[in-house]
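First comes the structure, then the notes that go with it.
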Protein chains: 2
Amino acid sequence: MSEQQTEQEFLASYNIHDYDIPLTSVDMAIFTLHDEQVHVLLVKRAQHPALGQWALPGGFIDISSDKTLEQTAQRKLKEKTGVDTPYLEQVATTGNHHRDPRGWSVTVSYFALIAHNEFQLQKDASSDQVVWVPVDDVSSTYTLAFDHQEILQQCYERLRNKVQYTSLPVNLLPQEFTLTELQKTFEIILGKSVEKKSFRRRLLDADILEETGSTRKGSNRPAKLYRVKPEGESHFFPRNIEGPR
Amino acid sequence: MSEQQTEQEFLASYNIHDYDIPLTSVDMAIFTLHDEQVHVLLVKRAQHPALGQWALPGGFIDISSDKTLEQTAQRKLKEKTGVDTPYLEQVATTGNHHRDPRGWSVTVSYFALIAHNEFQLQKDASSDQVVWVPVDDVSSTYTLAFDHQEILQQCYERLRNKVQYTSLPVNLLPQEFTLTELQKTFEIILGKSVEKKSFRRRLLDADILEETGSTRKGSNRPAKLYRVKPEGESHFFPRNIEGPR
DNA sequence: GTAATAGTGTCTATTAGACATTATCTT
DNA sequence: AAGATAATGTCTAATAGACACTATTAC
């Protein structure tokens, strides 16, 4: 009986290895924009299980170096892309007895948004190859390890939903961008065109952007450059974007 | 080197107890409506650690009986309230090295919405006392174990956010209810009044309710009773509810 | 000047809030 | 009938879409 036991005594005799507990890992969908398409990063697994199969980057929590779950995700992202400060959002946690051949397994999924100009692909011990794939082509071109196809779908769906009522797509552009570039970004994720005036009103009235003072010059009227204000990377609009009627 | 090892060989020699891995648990905020206030269920812990402290119901995944993470949550809910089919939503996963004295710990949090008439409190081995507390009173009246105060806040904030653009509050009412009762439910969670005609338009135009055919009689004109259509328990409206201008 | 893209003015359609009015019940 | 709550009609205000128009550059 534990009635008389103090918490100190309990902890002193507690050994996690005495229990049957699930594996816990982190997996992430790293999205970027390229060639007018959303791309996701895949890695070829260099270790068992599912050795040689394509998968989302991810791995186990390193309880000696990671202080938080988010740090685990940040570390994975840095290992693969060199990117330090992305937009990172936890999506869901999937756990069941059949998703990993090693046994009952839990994985926390995140998605990251990074600008196409800001990463540098890395090789590391746990993956010999790394590739960017247009998200819409993944299911027809690759067979992903474990349940990563489903996890990718969840992450992509979260992104596509949130583009309707948040400012998230600003995180796919470099620090400075024009409103036309931003509009194009929204349109790509939404999969439909957006009316220019409505779009500009929506973004400018939200007061989440500021002019940099400089312009992007082309073979025409120069476009004002904007950057995101501190709180603007995840602004919630009170209505969904509607698109053409 | 593992170059020559097959996956079968790898799995045969794999032993989870060889690794230092985090604890993984499930915690939940079970909400119901009572006395025109949102209440949450707290349990007094009957086991170490934090023995005797109030906490959110939760516990470890039972890898021999739970097939999925959601089943773990369902099981906990059933153990405490007897409720079988609530509205259950995963909120977030918190993991770090300091939240539990036993070591690196991950917890997946859920919230459940149940009707006040549908539960029956249970006692079980892991908690000697169970109590419903108005959510707004928890922080001033109880000191919760671990980081459960924060987890509760996350769950409650998710609920308060989603009441603005979803139909979630229908899950806090019995199967049959009047529009006035539903409006009151929205108002309690929102913390402000809602205009009657706008509210009715919003709900009825969404086509997520159906008339039961009967009415609730009082000392006045009887009110039509409605039930939620199959997909209506989590309808997303294209705009936030606004409330008085 | 023309071509091209950036940026604006303004009309219309839609819809939520306000609130007065009507409907249906009990006593 | 009086009192109460349910339910609706309809006006107004706010705002998003449509789209024509103006602005500023390169050539």
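Order determines the names: the first chain of the structure tokens is A, the second B, and so forth; residues in each chain are numbered 1 upward, and ligands are numbered 1 upward as they are shown.
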Between chain B and chain D, at 10 Å or less, what are the per-residue closest atom pairs and their distances in Å? Count only C-alpha atoms (C1' of nucleotides), order by chain and rising residue number, and return it as JSON lines.
```
{"residue": "B:Thr178", "atom": "CA", "partner": "D:DA6", "partner_atom": "C1'", "distance": 9.9}
{"residue": "B:Leu179", "atom": "CA", "partner": "D:DA6", "partner_atom": "C1'", "distance": 9.4}
{"residue": "B:Thr180", "atom": "CA", "partner": "D:DA6", "partner_atom": "C1'", "distance": 8.6}
{"residue": "B:Lys196", "atom": "CA", "partner": "D:DA7", "partner_atom": "C1'", "distance": 9.9}
{"residue": "B:Lys197", "atom": "CA", "partner": "D:DT8", "partner_atom": "C1'", "distance": 8.4}
{"residue": "B:Arg200", "atom": "CA", "partner": "D:DA7", "partner_atom": "C1'", "distance": 9.6}
{"residue": "B:Gly218", "atom": "CA", "partner": "D:DT5", "partner_atom": "C1'", "distance": 8.6}
{"residue": "B:Ser219", "atom": "CA", "partner": "D:DA4", "partner_atom": "C1'", "distance": 6.8}
{"residue": "B:Asn220", "atom": "CA", "partner": "D:DA4", "partner_atom": "C1'", "distance": 5.4}
{"residue": "B:Arg221", "atom": "CA", "partner": "D:DA6", "partner_atom": "C1'", "distance": 5.9}
{"residue": "B:Pro222", "atom": "CA", "partner": "D:DA6", "partner_atom": "C1'", "distance": 6.9}
{"residue": "B:Ala223", "atom": "CA", "partner": "D:DA6", "partner_atom": "C1'", "distance": 5.9}
{"residue": "B:Lys224", "atom": "CA", "partner": "D:DA6", "partner_atom": "C1'", "distance": 8.4}
```
Store the residues of this selection in a file with N, CA, C and O atoms, as a PDB file, in the first residue's frame.
```pdb
ATOM      1  N   THR B 178     -34.466  24.298 -27.129  1.00  0.00           N
ATOM      2  CA  THR B 178     -35.103  25.393 -27.855  1.00  0.00           C
ATOM      3  C   THR B 178     -34.020  26.366 -28.334  1.00  0.00           C
ATOM      4  O   THR B 178     -32.897  26.371 -27.817  1.00  0.00           O
ATOM      5  N   LEU B 179     -34.362  27.201 -29.299  1.00  0.00           N
ATOM      6  CA  LEU B 179     -33.392  28.175 -29.787  1.00  0.00           C
ATOM      7  C   LEU B 179     -33.005  29.170 -28.701  1.00  0.00           C
ATOM      8  O   LEU B 179     -31.867  29.631 -28.647  1.00  0.00           O
ATOM      9  N   THR B 180     -33.948  29.486 -27.826  1.00  0.00           N
ATOM     10  CA  THR B 180     -33.624  30.404 -26.741  1.00  0.00           C
ATOM     11  C   THR B 180     -32.591  29.794 -25.797  1.00  0.00           C
ATOM     12  O   THR B 180     -31.655  30.467 -25.357  1.00  0.00           O
ATOM     13  N   LYS B 196     -31.266  38.470 -30.828  1.00  0.00           N
ATOM     14  CA  LYS B 196     -32.076  37.272 -31.083  1.00  0.00           C
ATOM     15  C   LYS B 196     -32.257  36.941 -32.562  1.00  0.00           C
ATOM     16  O   LYS B 196     -32.037  35.802 -32.987  1.00  0.00           O
ATOM     17  N   LYS B 197     -32.663  37.930 -33.344  1.00  0.00           N
ATOM     18  CA  LYS B 197     -32.943  37.640 -34.753  1.00  0.00           C
ATOM     19  C   LYS B 197     -31.687  37.194 -35.500  1.00  0.00           C
ATOM     20  O   LYS B 197     -31.708  36.236 -36.273  1.00  0.00           O
ATOM     21  N   ARG B 200     -30.865  33.615 -34.551  1.00  0.00           N
ATOM     22  CA  ARG B 200     -31.727  32.607 -35.172  1.00  0.00           C
ATOM     23  C   ARG B 200     -31.425  32.451 -36.655  1.00  0.00           C
ATOM     24  O   ARG B 200     -31.380  31.337 -37.185  1.00  0.00           O
ATOM     25  N   GLY B 218     -44.378  26.255 -21.405  1.00  0.00           N
ATOM     26  CA  GLY B 218     -44.105  27.012 -20.187  1.00  0.00           C
ATOM     27  C   GLY B 218     -45.323  27.858 -19.895  1.00  0.00           C
ATOM     28  O   GLY B 218     -46.427  27.491 -20.276  1.00  0.00           O
ATOM     29  N   SER B 219     -45.132  28.968 -19.272  1.00  0.00           N
ATOM     30  CA  SER B 219     -46.263  29.821 -18.941  1.00  0.00           C
ATOM     31  C   SER B 219     -46.457  30.849 -20.052  1.00  0.00           C
ATOM     32  O   SER B 219     -46.586  32.031 -19.822  1.00  0.00           O
ATOM     33  N   ASN B 220     -46.395  30.388 -21.274  1.00  0.00           N
ATOM     34  CA  ASN B 220     -46.395  31.323 -22.396  1.00  0.00           C
ATOM     35  C   ASN B 220     -46.409  30.550 -23.706  1.00  0.00           C
ATOM     36  O   ASN B 220     -46.683  29.356 -23.703  1.00  0.00           O
ATOM     37  N   ARG B 221     -46.084  31.220 -24.778  1.00  0.00           N
ATOM     38  CA  ARG B 221     -46.084  30.539 -26.076  1.00  0.00           C
ATOM     39  C   ARG B 221     -45.047  29.416 -26.070  1.00  0.00           C
ATOM     40  O   ARG B 221     -43.886  29.649 -25.752  1.00  0.00           O
ATOM     41  N   PRO B 222     -45.430  28.211 -26.448  1.00  0.00           N
ATOM     42  CA  PRO B 222     -44.489  27.084 -26.442  1.00  0.00           C
ATOM     43  C   PRO B 222     -43.394  27.303 -27.481  1.00  0.00           C
ATOM     44  O   PRO B 222     -43.640  27.873 -28.545  1.00  0.00           O
ATOM     45  N   ALA B 223     -42.189  26.847 -27.156  1.00  0.00           N
ATOM     46  CA  ALA B 223     -41.059  27.008 -28.062  1.00  0.00           C
ATOM     47  C   ALA B 223     -40.809  25.707 -28.809  1.00  0.00           C
ATOM     48  O   ALA B 223     -40.879  24.621 -28.221  1.00  0.00           O
ATOM     49  N   LYS B 224     -40.527  25.835 -30.094  1.00  0.00           N
ATOM     50  CA  LYS B 224     -40.198  24.641 -30.880  1.00  0.00           C
ATOM     51  C   LYS B 224     -38.937  23.991 -30.334  1.00  0.00           C
ATOM     52  O   LYS B 224     -37.967  24.673 -29.987  1.00  0.00           O
TER      53      LYS B 224
END
```
Each residue of chain C with at least one atom at most 12 Å from chain A should appear once, together with its nearest atom pair and the corresponding distance in Å (one decimal); atoms considered: only C-alpha atoms (C1' of nucleotides); ordering: chain, then increasing residue number; output as CSV.
```
residue,atom,partner,partner_atom,distance
C:DT2,C1',A:Asn220,CA,11.8
C:DA3,C1',A:Asn220,CA,8.5
C:DA4,C1',A:Asn220,CA,5.5
C:DT5,C1',A:Asn220,CA,5.6
C:DA6,C1',A:Ala223,CA,5.8
C:DG7,C1',A:Ala223,CA,8.9
C:DT8,C1',A:Lys197,CA,8.5
C:DG9,C1',A:Lys197,CA,10.6
C:DT10,C1',A:Lys197,CA,11.6
C:DA13,C1',A:Arg245,CA,10.4
C:DT14,C1',A:Arg245,CA,11.0
```
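Minimum distance to chain B across A:Arg102, A:Lys78, A:Arg158, A:Lys184 (counting only C-alpha atoms) occurs at A:Arg102.
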(message) So that I can check the surroundings of Thr212 in chain A, please list as a ChimeraX atom specification every protein, DNA and RNA residue that reaches within 8 Å of it, counting only C-alpha atoms (C1' of nucleotides) and ignoring chain neighbours fewer than 6 positions away.
(response) /A:176,224-227
Where does DSSP see helix (DSSP H, G or I) in range 37-203 of chain B, if you list the residues as an mmCIF file with C-alpha atoms, in the first residue's frame?
```cif
data_model
loop_
_atom_site.group_PDB
_atom_site.id
_atom_site.type_symbol
_atom_site.label_atom_id
_atom_site.label_comp_id
_atom_site.auth_asym_id
_atom_site.auth_seq_id
_atom_site.Cartn_x
_atom_site.Cartn_y
_atom_site.Cartn_z
ATOM 1 C CA LEU B 69 -4.989 7.910 -28.080
ATOM 2 C CA GLU B 70 -8.599 8.972 -28.441
ATOM 3 C CA GLN B 71 -9.652 5.723 -26.790
ATOM 4 C CA THR B 72 -7.489 6.630 -23.802
ATOM 5 C CA ALA B 73 -9.345 9.925 -23.531
ATOM 6 C CA GLN B 74 -12.734 8.244 -23.999
ATOM 7 C CA ARG B 75 -11.883 5.724 -21.307
ATOM 8 C CA LYS B 76 -10.929 8.417 -18.792
ATOM 9 C CA LEU B 77 -14.119 10.311 -19.490
ATOM 10 C CA LYS B 78 -16.213 7.191 -19.051
ATOM 11 C CA GLU B 79 -14.450 6.322 -15.784
ATOM 12 C CA LYS B 80 -15.252 9.709 -14.260
ATOM 13 C CA THR B 81 -18.647 10.581 -15.668
ATOM 14 C CA VAL B 135 -14.298 27.502 -14.738
ATOM 15 C CA ASP B 136 -14.006 31.163 -13.834
ATOM 16 C CA ASP B 137 -13.565 30.241 -10.163
ATOM 17 C CA VAL B 138 -10.884 27.579 -10.564
ATOM 18 C CA SER B 139 -7.818 29.778 -10.439
ATOM 19 C CA SER B 140 -8.956 31.681 -7.351
ATOM 20 C CA THR B 141 -10.256 28.643 -5.458
ATOM 21 C CA HIS B 148 -3.006 21.689 -15.118
ATOM 22 C CA GLN B 149 -3.967 25.308 -14.559
ATOM 23 C CA GLU B 150 -2.310 26.192 -17.876
ATOM 24 C CA ILE B 151 -3.774 23.200 -19.651
ATOM 25 C CA LEU B 152 -7.225 24.115 -18.405
ATOM 26 C CA GLN B 153 -6.712 27.671 -19.660
ATOM 27 C CA GLN B 154 -5.721 26.380 -23.098
ATOM 28 C CA CYS B 155 -8.811 24.190 -23.277
ATOM 29 C CA TYR B 156 -11.161 26.914 -22.086
ATOM 30 C CA GLU B 157 -9.649 29.424 -24.487
ATOM 31 C CA ARG B 158 -10.118 26.998 -27.362
ATOM 32 C CA LEU B 159 -13.775 26.662 -26.391
ATOM 33 C CA ARG B 160 -14.249 30.424 -26.063
ATOM 34 C CA ASN B 161 -12.602 31.022 -29.417
ATOM 35 C CA LYS B 162 -14.606 28.386 -31.231
ATOM 36 C CA LEU B 168 -19.874 23.675 -30.701
ATOM 37 C CA PRO B 169 -22.170 24.852 -27.880
ATOM 38 C CA VAL B 170 -24.924 22.535 -29.133
ATOM 39 C CA ASN B 171 -22.916 19.780 -27.468
ATOM 40 C CA LEU B 172 -23.535 21.265 -24.026
ATOM 41 C CA LEU B 179 -33.392 28.175 -29.787
ATOM 42 C CA THR B 180 -33.624 30.404 -26.741
ATOM 43 C CA GLU B 181 -31.773 27.824 -24.662
ATOM 44 C CA LEU B 182 -29.132 27.532 -27.356
ATOM 45 C CA GLN B 183 -28.761 31.299 -27.553
ATOM 46 C CA LYS B 184 -28.323 31.483 -23.775
ATOM 47 C CA THR B 185 -25.586 28.841 -24.030
ATOM 48 C CA PHE B 186 -23.705 30.866 -26.629
ATOM 49 C CA GLU B 187 -24.084 33.982 -24.512
ATOM 50 C CA ILE B 188 -22.673 32.328 -21.397
ATOM 51 C CA ILE B 189 -19.536 31.143 -23.164
ATOM 52 C CA LEU B 190 -19.125 34.350 -25.141
ATOM 53 C CA LYS B 196 -32.076 37.272 -31.083
ATOM 54 C CA LYS B 197 -32.943 37.640 -34.753
ATOM 55 C CA SER B 198 -29.313 37.517 -35.882
ATOM 56 C CA PHE B 199 -28.730 34.448 -33.786
ATOM 57 C CA ARG B 200 -31.727 32.607 -35.172
ATOM 58 C CA ARG B 201 -30.858 33.513 -38.739
ATOM 59 C CA ARG B 202 -27.306 32.323 -38.214
ATOM 60 C CA LEU B 203 -28.292 28.967 -36.794
#
```
Give one line per residue of chain A that approaches chain B to at most 7 Å, naming the two atoms of the closest pair and their distance in Å to one decimal, counting only C-alpha atoms; sort by chain then ascending residue number and deliver it as JSON lines.
```
{"residue": "A:Glu7", "atom": "CA", "partner": "B:Pro49", "partner_atom": "CA", "distance": 5.9}
{"residue": "A:Phe10", "atom": "CA", "partner": "B:His48", "partner_atom": "CA", "distance": 6.8}
{"residue": "A:Leu11", "atom": "CA", "partner": "B:Arg102", "partner_atom": "CA", "distance": 6.5}
{"residue": "A:His17", "atom": "CA", "partner": "B:His17", "partner_atom": "CA", "distance": 5.5}
{"residue": "A:Ile21", "atom": "CA", "partner": "B:Ile63", "partner_atom": "CA", "distance": 6.7}
{"residue": "A:Pro22", "atom": "CA", "partner": "B:Ile63", "partner_atom": "CA", "distance": 7.0}
{"residue": "A:His48", "atom": "CA", "partner": "B:Glu7", "partner_atom": "CA", "distance": 6.0}
{"residue": "A:Pro49", "atom": "CA", "partner": "B:Glu7", "partner_atom": "CA", "distance": 5.8}
{"residue": "A:Ile63", "atom": "CA", "partner": "B:Trp104", "partner_atom": "CA", "distance": 6.4}
{"residue": "A:Lys67", "atom": "CA", "partner": "B:Asn96", "partner_atom": "CA", "distance": 5.5}
{"residue": "A:Thr68", "atom": "CA", "partner": "B:Asn96", "partner_atom": "CA", "distance": 4.0}
{"residue": "A:Leu69", "atom": "CA", "partner": "B:Gly95", "partner_atom": "CA", "distance": 4.9}
{"residue": "A:Thr94", "atom": "CA", "partner": "B:Leu69", "partner_atom": "CA", "distance": 6.9}
{"residue": "A:Gly95", "atom": "CA", "partner": "B:Leu69", "partner_atom": "CA", "distance": 4.9}
{"residue": "A:Asn96", "atom": "CA", "partner": "B:Thr68", "partner_atom": "CA", "distance": 4.0}
{"residue": "A:His97", "atom": "CA", "partner": "B:Lys67", "partner_atom": "CA", "distance": 5.6}
{"residue": "A:Arg102", "atom": "CA", "partner": "B:Leu11", "partner_atom": "CA", "distance": 6.5}
{"residue": "A:Trp104", "atom": "CA", "partner": "B:Ile63", "partner_atom": "CA", "distance": 6.4}
{"residue": "A:Pro238", "atom": "CA", "partner": "B:Asn240", "partner_atom": "CA", "distance": 5.5}
{"residue": "A:Arg239", "atom": "CA", "partner": "B:Arg239", "partner_atom": "CA", "distance": 4.3}
{"residue": "A:Asn240", "atom": "CA", "partner": "B:Pro238", "partner_atom": "CA", "distance": 5.5}
```
(message) Give me the residues near Trp54 in chain B as a list in words, where near means some atom within 12 Å (using only C-alpha atoms (C1' of nucleotides)) and where sequence neighbours in that chain fewer than 6 positions away do not count.
(response) Val40, Leu41, Leu42, Val43, Lys44, Arg45, Ala46, Gln47, Ser126, Ser127, Asp128, Gln129, Val130, Val131, Trp132, Val133, Val138, Ser139, Thr141, Tyr142, Thr143, Leu144, Ala145, Phe146, Asp147, His148 and Gln149 of chain B
(request) Report the distance between CA of Val38 in chain B and CA of His116 in chain B in Å, rounded to one decimal place. (result) 10.3 Å
(request) List every residue of chain A that DSSP, applied to the backbone, labels as strand (DSSP E), and write the result as a ChimeraX atom specification. (result) /A:23-34,37-45,54-55,58-60,87-96,105-113,127-134,209-218,220-228
(message) Could you tell me how far CA of Gln37 in chain A sits from CA of Leu56 in chain A, in Å to one decimal place?
(response)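 We find that CA of Leu56 in chain A and CA of Gln37 in chain A lie 18.3 Å from each other.
We find CA of Ser214 in chain B and CA of Phe177 in chain B to be spaced 10.3 Å apart.
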